[in-house]
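As structure tokens, the structure follows; a few thoughts come after it.
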Amino acid sequence: MPRNEIAPGVYITDVPGRKFKRNLVVFHLLLPGQRQTANEMALLPHVLERRCEAIPDPLLLSRKLFDLYGAELSLESFAAGPNRVLTLAVSCLKNGYALAGEDLEKECVELLCNLLFFPKKSGGVFEAEDVAIEREKQVDYLRSEMNDKRSYCLRQGRRALYGGTQLGIESAGYLEEMPKVTAESLYEAYETMLRTARFEVVTCGADKDKVAELLAARLSNRQRAPVEPLGRMAVPQRQGMIHKSEGMDTAQGKLCIIACSGRVSDAHSEAVMRVANAVLGGLPTSRLFVNVREKQSLCYYCASSYASLRGTLTMDSGVDHKNAKRAAEAMLHELEVLQKNPVTQEELDAAHSAIQNAFQAAKDSPDSLVSWAFNERLRGTDLTLEQAAQKVKAVEAEEVQKALADFIPSIEYILTNKEGL
Amino acid sequence: MMVTHLPKAAENALRFEEKILPNGLAVRLLPMPEYGASHVIYATKFGSIDRSFEGEQAKVDLPAGVAHFLEHKMFENEDGVDAFTLYGKTGASANAYTGFDRTSYIFTATERMEENLDILLSFVGHPHFTQETVAKEQGIIGQEIKMYEDHAELRCVFALLECLYHNHPVRDEIVGSVESISQITPQLLYSCSEAFYNPGNMALCAAGRLHMEQLLQAVEKADLAKAKTKQVKRLFPEEPPGVYESTREFMMPVAMPLFGLGFKEAAPQGDTTKLEVVCDLLTELISGETSTLYRSLYDEGLVQPGFGGEFGCFSGCLHFLFTGEGEQPERVRQSILDEIERMRREGIDREQFETCKRMMYGEAIADLENVERVASMLSSSYFHGRTPAAALDALATVTAEDIEQALSEMLHQDRSAFVVVRPEG
């Protein structure tokens with residue numbers, strides 16, 4: 001994918017988007033994850049998204065977006081492997097759909113730049129009121145994470161396995177520490193980010209050159225000292241599985257098992273793992289779905305996912321409390337069978353077809369195209385969807401078996417009531 | 001600039017093809033030749049609120065959850081090969097979902113379209129049930145029900161619907177309960193599929209890289225053109241105008257209280273296109289991100305980012321639901337009621353009204369770039385008896401006075417209910 005450097009450490013990639021009704025412009029700011037600023041980095045997008053010097057009232061900012069025919073603004077911060085990413089995205093209708101010939105794209109990109117480079121300040125730092133409001137919201141968000149039992153179980157499993165490491169830095173920050181974030185500490189983290197982050201800008205449907213010009217102008221009077229993001233690292237393998245249970249009075253129990261290969265994938269092994277995951281638990285024809293859900297009726301959902309930035313394979317399920325142990329055994333059994341035997345040609349064909357279909361379909365969504373382009377940068381593989389599809393097509397049954405054989409189940413985490421404990 | 005007309009580009013983007021077969025089966029297509037994928041929906045007007053009907057035989061009453069149960073079972077074929085296995089060979093991504101008023105079977109595919117259409121049209125409407133397979137599905141759906149039982153937001157919404165309605169089936173969960181689905185038998189499922197899975201009650205809608213000819217050939221091949229439409233009379237219970245229960249509280253393992261304030265309105269009659277636009281605008285004006293209410297509740301820490309309003313409009317029922325999460329639910333309830341009263345008294349903010357119209361226009365156009373959303377819009381508009389452009393036309397013509405008129409008739413406290421889900425312990 002062609003990528004231009006428009007300033008030191010600032011890159012722009014354009015993905016084709018002529019057929020879409022919207023433009024999408026995303027600034028990804030990428031920098032090494034740091035435990036000591038994890039709370040600030042988690043809070044930052046929420047404070048930036050409230051207002052800026054040009055639009056100093058949050059209500060007026062909301063109305064401005066609606067006036068731009070419902071332009072969508074999205075600011076997020078998350079951990080991507082050992083690094084931290086802050087994204088600022090704006091999407092708006094293409095100018096041809098404006099009712100009075102407005103230049104929607106220009107206004108939206110300017111707005112994005114204003115939010116990033118000219119936040120509303122007081123005394124040289126963020127407005128204390130903004131920080132206080134959003135800090136409280138973030139505390140509430142962290143307190144509420146147990147509300148979604150499935151993702152809570154997955155998070156708890158990850159925390160128990162590698163929570164204290166570079167890969168375990170929390171995307172949303174830490175409940176006990178969040179109240180200590182101040183306007184000053186947040187502004188310092190913001191300034192550091194602007195100075196050191198690598199910018200990966202991806203545009204879809206928008207005029208890439210105009211976006212580049214505007215961004216370069218905003219950066220021209222800033223002191224920049226870009227820092228290289230950290231290289232990918234895997235969750236280390238461990239011998240012997242950790243078994244953890246947590247009590248919660250729910251109607252259904254939740255269960256997750258995380259297995260580690262101890263290494264991150266390259267372009268080829270990434271393709272193999274896409275197929276392996278599809279066969280294990282990524283499709284309705286997968287082993288977990290057919291054997292654990294359909295044949296044994298043990299659960300409603302039973303699926304797997306592969307995290308290439310960490311080298312982990314996760315299986316999770318929603319089960320009757322009394323069946324949790326049986327379901328865990330059944331899931332581990334399915335993994336073991338695939339580790340010891342090649343997949344059938346039928347399964348291989350189904351996985352190939354489903355992945356090709358998904359890759360093709362991804363070309364029909366600006367969000368998918370932009371995500372793909374950025375994630376390829378993160379993975380360091382930098383393939384187009386067509387190139388990735390070719391690699392998947394070449395994956396053979398023996399390779400799937402070999403790749404899965406590298407995974408050692410490392411933790412089983414169960415969320416259950418008294419009956420299951 | 002006010003939203004009063006559609007630009008040429010928008011008009012072009014909304015052009016679709018339609019063919020209604022003599023037996024009533026509707027086929028709709030919005031060709032998107034520059035796209036790689038196509039999305040196809042084969043849907044029946046049979047949802048969770050269809051709980052009683054008269055077909056060619058006697059009246060049939062259904063336990064809650066039958067439409068959803070039937071959707072699950074439809075994937076199984078008589079030869080034991082389920083539809084997912086067949087799709088597995090073509091690479092299509094397939095699924096199905098059941099709503100209050102319809103059941104939809106979908107796939108997205110980039111190749112082998114004829115095969116995928118054949119699979120879809122051959123398994124939907126040709127079910128095979130046995131005591132054994134029904135019993136197995138009761139176990140799987142029982143787990144699905146338990147998963148929803150732990151979903152606090154869903155529990156809150158359905159508790160609110162239970163409070164608003166005495167008898168209307170919208171008060172029952174779409175999936176039913178473990179008890180209600182235990183009453184389902186193969187015979188009951190056959191009765192439903194015969195009554196509702198026939199051409200006059202169904203539509204095949206598609207968007208993407210397809211031609212109408214491909215759809216019609218698939219219909220022909222599946223013998224759907226010859227299938228007979230059966231007349232079914234849907235029966236709804238009498239619903240009193242007032243609410244069933246004005247307040248309810250219960251506890252769940254959540255971190256902070258969840259709440260919902262609902263308003264029950266008069267049942268809609270006839271074409272609801274404009275009414276739905278008015279309701280949509282009302283929820284935005286009262287509690288959307290451009291409202292002073294949302295901003296003050298958010299900044300005072302009384303609600304979390306997910307706070308907002310929505311409406312539901314189905315056969316025999318219309319309601320508004322305002323839901324959120326926060327430590328002081330009663331204060332939020334009072335603030336919503338006060339804001340509605342203020343708007344009734346002072347009139348709506350004209351500038352905000354136009355701003356919301358622009359946003360809704362933008363959202364509708366943005367949806368047209370997505371094959372799934374376009375096919376879904378074709379299907380939804382068909383079952384509402386309109387074209388996809390009708391909602392945009394209604395949006396262009398709706399006035400601030402229409403909203404104020406609606407506000408004088410709707411959202412009254414004496415027809416409201418309030419639910420709070422409190423943390424355990």
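Ordering of the structure tokens sets the chain letters (A, B, ...); residue numbers start at 1 within each chain; ligands are numbered from 1 in the order shown.
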
Subject >> Non-local contacts of region 20-28 of chain B (7 Å; only C-alpha atoms; under 6 positions in same chain excluded) as a PyMOL selection string >> reply: chain B and resi 199-200+202-206+225+228-229+378

**OP:** Dump as a ChimeraX atom specification the residues of chain B that approach chain A to within 7 Å, counting only C-alpha atoms.
**Re:** /B:1,7,9-10,34-37,84-85,88-93,109-110,136,139-141,143-144,146-147,149-150,253-256,289-290,295,299,301,304,355-356,358-363,366,369-370

**OP:** May I have the residues within 10 Å of Asp406 (chain A) as a list in words, using only C-alpha atoms and disregarding those fewer than 2 positions away in the same chain?
**Re:**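 In the requested format, the answer is Gln237, Ala259, Cys260, Ser261, Gly262, Arg263, Gln339, Gln401, Lys402, Ala403, Leu404, Ile408 and Pro409 of chain A.
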
Save the residues we just selected, all heavy atoms, as an mmCIF file, in the first residue's frame?
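Output saved as again23.cif:
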data_model
loop_
_atom_site.group_PDB
_atom_site.id
_atom_site.type_symbol
_atom_site.label_atom_id
_atom_site.label_comp_id
_atom_site.auth_asym_id
_atom_site.auth_seq_id
_atom_site.Cartn_x
_atom_site.Cartn_y
_atom_site.Cartn_z
ATOM 1 N N GLN A 237 5.129 -18.375 26.597
ATOM 2 C CA GLN A 237 4.483 -19.660 26.916
ATOM 3 C C GLN A 237 4.774 -20.027 28.358
ATOM 4 O O GLN A 237 5.791 -19.606 28.918
ATOM 5 C CB GLN A 237 5.031 -20.744 26.005
ATOM 6 C CG GLN A 237 4.450 -20.682 24.605
ATOM 7 C CD GLN A 237 4.890 -21.858 23.769
ATOM 8 O OE1 GLN A 237 6.047 -22.257 23.831
ATOM 9 N NE2 GLN A 237 3.980 -22.385 22.991
ATOM 10 N N ALA A 259 -4.624 -19.745 25.003
ATOM 11 C CA ALA A 259 -3.439 -20.556 24.696
ATOM 12 C C ALA A 259 -2.394 -19.656 24.039
ATOM 13 O O ALA A 259 -2.736 -18.714 23.330
ATOM 14 C CB ALA A 259 -3.822 -21.698 23.751
ATOM 15 N N CYS A 260 -1.123 -19.954 24.309
ATOM 16 C CA CYS A 260 -0.045 -19.091 23.804
ATOM 17 C C CYS A 260 0.912 -19.882 22.916
ATOM 18 O O CYS A 260 1.246 -21.025 23.223
ATOM 19 C CB CYS A 260 0.753 -18.516 24.972
ATOM 20 S SG CYS A 260 -0.264 -17.613 26.130
ATOM 21 N N SER A 261 1.367 -19.217 21.870
ATOM 22 C CA SER A 261 2.368 -19.850 20.998
ATOM 23 C C SER A 261 3.764 -19.337 21.335
ATOM 24 O O SER A 261 4.769 -19.903 20.875
ATOM 25 C CB SER A 261 2.072 -19.550 19.527
ATOM 26 O OG SER A 261 2.206 -18.159 19.288
ATOM 27 N N GLY A 262 3.832 -18.244 22.060
ATOM 28 C CA GLY A 262 5.127 -17.695 22.426
ATOM 29 C C GLY A 262 5.796 -16.900 21.317
ATOM 30 O O GLY A 262 6.929 -16.452 21.460
ATOM 31 N N ARG A 263 5.078 -16.714 20.203
ATOM 32 C CA ARG A 263 5.671 -15.881 19.149
ATOM 33 C C ARG A 263 4.577 -15.191 18.341
ATOM 34 O O ARG A 263 3.446 -15.674 18.260
ATOM 35 C CB ARG A 263 6.569 -16.702 18.233
ATOM 36 C CG ARG A 263 5.907 -17.887 17.613
ATOM 37 C CD ARG A 263 6.950 -18.730 16.881
ATOM 38 N NE ARG A 263 6.426 -20.019 16.517
ATOM 39 C CZ ARG A 263 5.640 -20.238 15.475
ATOM 40 N NH1 ARG A 263 5.294 -19.245 14.690
ATOM 41 N NH2 ARG A 263 5.202 -21.456 15.215
ATOM 42 N N GLN A 339 -4.526 -30.338 16.990
ATOM 43 C CA GLN A 339 -3.057 -30.293 17.129
ATOM 44 C C GLN A 339 -2.410 -31.605 16.697
ATOM 45 O O GLN A 339 -1.252 -31.639 16.310
ATOM 46 C CB GLN A 339 -2.680 -29.989 18.582
ATOM 47 C CG GLN A 339 -2.976 -28.544 18.976
ATOM 48 C CD GLN A 339 -2.723 -28.275 20.451
ATOM 49 O OE1 GLN A 339 -2.983 -29.139 21.294
ATOM 50 N NE2 GLN A 339 -2.240 -27.085 20.760
ATOM 51 N N GLN A 401 -2.243 -27.736 11.210
ATOM 52 C CA GLN A 401 -1.968 -28.631 12.347
ATOM 53 C C GLN A 401 -0.695 -28.189 13.075
ATOM 54 O O GLN A 401 -0.661 -28.095 14.308
ATOM 55 C CB GLN A 401 -1.821 -30.067 11.838
ATOM 56 C CG GLN A 401 -1.584 -31.063 12.956
ATOM 57 C CD GLN A 401 -1.153 -32.430 12.429
ATOM 58 O OE1 GLN A 401 -1.304 -32.733 11.249
ATOM 59 N NE2 GLN A 401 -0.608 -33.240 13.322
ATOM 60 N N LYS A 402 0.338 -27.895 12.289
ATOM 61 C CA LYS A 402 1.631 -27.522 12.867
ATOM 62 C C LYS A 402 1.506 -26.195 13.653
ATOM 63 O O LYS A 402 2.041 -26.066 14.760
ATOM 64 C CB LYS A 402 2.658 -27.371 11.736
ATOM 65 C CG LYS A 402 4.087 -27.417 12.162
ATOM 66 C CD LYS A 402 4.970 -27.737 10.950
ATOM 67 C CE LYS A 402 6.425 -27.475 11.269
ATOM 68 N NZ LYS A 402 6.807 -26.084 11.252
ATOM 69 N N ALA A 403 0.784 -25.256 13.072
ATOM 70 C CA ALA A 403 0.648 -23.948 13.742
ATOM 71 C C ALA A 403 -0.116 -24.105 15.057
ATOM 72 O O ALA A 403 0.276 -23.543 16.093
ATOM 73 C CB ALA A 403 -0.074 -22.971 12.826
ATOM 74 N N LEU A 404 -1.185 -24.887 15.034
ATOM 75 C CA LEU A 404 -1.981 -25.060 16.260
ATOM 76 C C LEU A 404 -1.204 -25.837 17.322
ATOM 77 O O LEU A 404 -1.386 -25.614 18.529
ATOM 78 C CB LEU A 404 -3.304 -25.763 15.948
ATOM 79 C CG LEU A 404 -4.352 -24.893 15.252
ATOM 80 C CD1 LEU A 404 -5.561 -25.726 14.850
ATOM 81 C CD2 LEU A 404 -4.793 -23.737 16.141
ATOM 82 N N ILE A 408 0.066 -23.594 23.639
ATOM 83 C CA ILE A 408 -0.077 -24.282 24.927
ATOM 84 C C ILE A 408 -1.169 -23.564 25.721
ATOM 85 O O ILE A 408 -1.062 -22.356 25.972
ATOM 86 C CB ILE A 408 1.248 -24.237 25.719
ATOM 87 C CG1 ILE A 408 2.343 -24.967 24.941
ATOM 88 C CG2 ILE A 408 1.066 -24.840 27.114
ATOM 89 C CD1 ILE A 408 3.704 -24.923 25.623
ATOM 90 N N PRO A 409 -2.232 -24.298 26.102
ATOM 91 C CA PRO A 409 -3.268 -23.661 26.920
ATOM 92 C C PRO A 409 -2.660 -23.161 28.227
ATOM 93 O O PRO A 409 -2.000 -23.906 28.946
ATOM 94 C CB PRO A 409 -4.272 -24.788 27.162
ATOM 95 C CG PRO A 409 -4.046 -25.737 26.032
ATOM 96 C CD PRO A 409 -2.571 -25.679 25.755
#

Original post:
Of the residues A:Thr384, A:Asn39, A:Thr314, A:Asn221, which is the one nearest to Leu175 (chain A), using only C-alpha atoms?
Top reply: A:Asn39

**OP:** May I have all residues of region 84-198 of chain B that DSSP, computed from the backbone, assigns to strand (DSSP E), given as a list of chain:residue names?
**Re:**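 Filtering region 84-198 of chain B to strand (DSSP E) leaves B:Ser93, B:Ala94, B:Asn95, B:Ala96, B:Tyr97, B:Thr98, B:Thr103, B:Ser104, B:Tyr105, B:Ile106, B:Phe107, B:Thr108, B:Ala109.
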
Original post:
Between B:Val219, B:Ala152, B:Ile49, B:Ile119, which one has atoms that come closest to Phe259 (chain B), using only C-alpha atoms?
Top reply: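 Smallest separation from Phe259 (chain B) among the options: B:Ala152.
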